[in-house]
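Asker: Quick one: the structure is below, questions incoming.
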Amino acid sequence: RRLPSLHHSERIQTTMLHVRPGSKLLKSSFSLLRPVVQTRHFSTCDLFQTPCGLYVDKSLPPTFNKILIANRGEIACRVIRTARELGVKTVAVYSDADVHAEHVQIADEAYRIGNPPAAESYLIGEKILEVAAKTGAEAIHPGYGFLSENADFADACAEANVKFIGPPSSAIKAMGSKSASKIIMTEAKVPVVPGYHGEDQSERKLIEESKKIGFPLMIKAVLGGGGKGMRI
């Protein structure tokens, strides 16, 4: 159940149930739910609702002291505001085109990383890691787009002993290929849209599989993003 709506300045006390592994009680359940197994112990947490609606346990220390946001615009602003509410300092990066952008103004620190084209600034992982090292940022939040699905950058963060706030590089690589990811989902018994994603890409084979699937159908590139390669 959702917690009751509270004004951001209000605090509530709730009891968290710690149950043995494998129990049917959801780990995120609060005392609003009845326990279905014997609990190990009880602990009281001090929940505080932030202005953006997050419920934060103020009794717990923040995971990081400082993070770098490797993005711009609204997504960077949202990460910065959330981090501030969690007591985490933030570092922004910007190109010459974004020198007066909001995310630059509201972050605790901001550093120039290059020229306006993303390929000369936001997509250069080396520059971003240099800023992280210079500022002592313990983690990098990639936002979405840019380096968020770059497995090599995730690996570079690990090598630099900087936490990549996102999936591991192995997951990024697996999900980067639409055919490989569909096989993984199928093996995991996850329902998927019927289609063909085999190695045989000959015209004869594609026509044969198209007839099996039925029309209309969508043709998609195995790699890439943005929907630019889709055809009906």
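Chain identifiers are assigned as A, B, and so on, following the order in which chains appear in the structure tokens; residues are numbered from 1 within each chain, and ligands are numbered from 1 in order of appearance.
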List the neighbours of Leu123 of chain A out to 9 Å using only C-alpha atoms; skip same-chain residues closer than 3 positions along the sequence, and give me the result as a list in words.
Answerer: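 Counting only C-alpha atoms, the residues come to Ala70, Ala118, Ala119, Glu120, Glu126, Lys127, Ile128, Phe146 and Leu147 of chain A.
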Asker: Atom CA of Ser169 of chain A and atom CA of Glu85 of chain A, how far apart in Å?
Answerer: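 Interatomic distance, atom CA of Glu85 of chain A to atom CA of Ser169 of chain A: 28.5 Å.
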Asker: Quick one: everything within 8 Å of Ser177 of chain A, counting only C-alpha atoms, minus sequence neighbours fewer than 3 positions away in the same chain. Send it as number ranges by chain.
Answerer: A: 173-174, 180-181, 222-223
Asker: Interatomic distance between atom CA of Tyr55 of chain A and atom CA of Gly145 of chain A?
Answerer: 27.0 Å
